[in-house]
Amino acid sequence: MSVGCQEASVRVDRIEWEPPAGAERRPAQVGRIVGLFRPYAGRLALVGSLVAASAVVSVVTPFLLRAVLDTAIPERRTGLLTLLALGMIAAAVITSVLNVLQTLISTTVGQRVMHDLRTAVYRHLQRMSLAFFTRTRTGEVQSRIANDIGGMQATVTGTATSLVSNLTAVVASVAAMVALDWRLTIVSLLLLPVFVWISRRVGRERKKITGERQRQLARLSSAVQESLSVSGIMLGRTMGRSASLTSEFAAQSDELAALEVRSSMAGRWRMSTIGIVMAAMPALIYWAAGLATAAGAPIVSLGTLVAFVSLQQGLFRPTVGLLSTGVDVQTSLALFQRIFEYLDLPVEIDEPAHPVRLERIRGDVRFEDVEFHYRPGQDRPTLAAIDLTVPAGGSLAVVGETGSGKSTLSYLVPRLYDVTGGRVLIDGVDVRELSFETLARAVGVVSQETYLFHASVADNLRFAKPDATDEELVAAAKAAQIHDMIAELPDGYDTLVGERGYRFSGGEKQRLAIARTVLRNPPVLILDEATSALDNQTELAVQQALDALAEGRTTITIAHRLSTVRDADQIAVLDRGAIVELGTHDQLVARNGRYAALLDREAPVPSPAG
């Protein structure tokens, strides 16, 4: 149950990531959004050409219709009538083909933009420091990548095409309407500015609601990720909290449902009013023309009137489409803004512009006057004035009370955090100057909390070395004293380990982690309380595997049980972030100081006689 409790503590300590103050009030960077489409400018230009051609062809039909009504039928010219009918059919076929082609190209471009955006966010998050992930809920990160980017799909894949298509159709239709009768055209367009104003207001309202909805969706994703993990289920059931967790989830889901309804209905009546007015316009045109004809002053011919109304009805769809596109764009700006907030997060730990690459790594590790703060302005440094040297192949054990800074010290070597003062060096080179590839080859970490993927045993091992042969996997497993257990499994190395490795015991997971590190073969090894959560028998087996792994390597051991570090070349005792004692086991015992006190506290209490 220790894992479940650790999960619970993580859940309490983590907070939902919030954007900087005022971030939501900043307008989304439209130019930046346009830049996402720039690599596909050629294909978008082709889409524009297809759309323009489709719009031109579509407005030909009303003119053909006018010729049918005003010329072909009254004059009984059947040959002309046949040609005009064939022309109308051909226009419909050409328009349909052009629409299919432009939909294919635009959807492909949209999906490529979605792919680029997802990859950019994931790549940026891979560069973020450990500190970011310790203060951000996993569900929040997942929601940004899945829900926010997924929510843009309709806008990204269809908006550009819809905008060009509808705009071209509107321009072509208006031009054709003016050519038929400019007076009727003016009447038809009188209310257009009012419609634009209404759609802009609706767009702003939906943008605000969309931001609220995505934040609530992120909270819901976090709740699912935490409470429905293996540890979350175990913790909820053993604490009798399953019913309350369900109630909390239901409340959050209900809030999300209400936001979805608000988002869907925002401005719906106003947009419906626009639709009603535009649908009524043809009736008004017929009414006005009928009154003029009844008064003996017909405005236009019957053919022109029917053609004009046909164009006007054709104008209705793209106009409403344009207004709806404007609303969708403003809504999607909230999603783009949330994504850009992540892309704009500063990278606290980055590879230097001209990194040092070490071909052969000896494994000398040195801490020079190291100081570290987790937060700027922290009252007391987590580590201060740390000076330690571990020669290649040597061993250092770091012991101390909980919260003394032991694990933090180990995080500085692989650059999970950067020092705020002093230097950490490997083979005389500041780790901040090393390439990430060199650092990954140089340092291996086996921690107390082993992470295994929901994949086979072989896949988990090959995460350390993707090109490892089956023979290398077996050799690494034997070195970690786990091969016999794997061989007894029904599917051997192809056995699925389950979510976070819960099919295996704590000791088995630790030995799998050790085998994974053996494959990496790093010259510097960090053992961060790798056996602290194990029982004595399991600890003995894991410790034997660790001893075999540490042979010939520079080893820094963060120790919870002092019995595991007696043979270390040197032992550093930390207290409140400072080294208070340094020496071998025998030297420190002889001093009868802090280390001796820790040793006495760990010694078993003799049972009373009798």
# chains A, B, ... in the order shown; residues from 1 in each chain; ligands from 1

$ select_by_dssp --residues "segment 313-500 of chain A" --states "helix (DSSP H, G or I)" --output "number ranges by chain"
A: 313-343, 406-412, 431-433, 436-442, 457-462, 470-479, 483-488, 492-494, 499-500

$ closest_residue --among "A:Phe436, A:Val445, A:Asp369, A:Ala487" --to "Gly421 of chain A" --atoms "only C-alpha atoms"
A:Asp369

$ atom_distance --atom1 "atom CA of Met88 of chain A" --atom2 "atom CA of Val306 of chain A"
15.0 Å

$ closest_residue --among "A:Arg511, A:Arg516, A:Arg213, A:His354" --to "Leu540 of chain A" --atoms "only C-alpha atoms"
A:Arg511

$ residues_around --residues "Gly393 of chain A" --least-positions-apart "3" --cutoff "8 Å" --atoms "only C-alpha atoms" --output "ChimeraX atom specification"
/A:363-364,523,551-555

$ residues_around --residues "Asn147 of chain A" --least-positions-apart "2" --cutoff "12 Å" --atoms "only C-alpha atoms" --output "list in words"
Arg118, Gly139, Glu140, Val141, Gln142, Ser143, Arg144, Ile145, Ile149, Gly150, Gly151, Met152, Gln153, Thr210, Gly211, Arg213, Gln214, Arg215, Gln216, Leu217, Ala218, Arg219, Leu220, Ser221, Leu335, Phe336, Arg338 and Ile339 of chain A

$ closest_residue --among "A:Leu434, A:Val518, A:Val399, A:Ile579" --to "Glu371 of chain A" --atoms "only C-alpha atoms"
A:Ile579
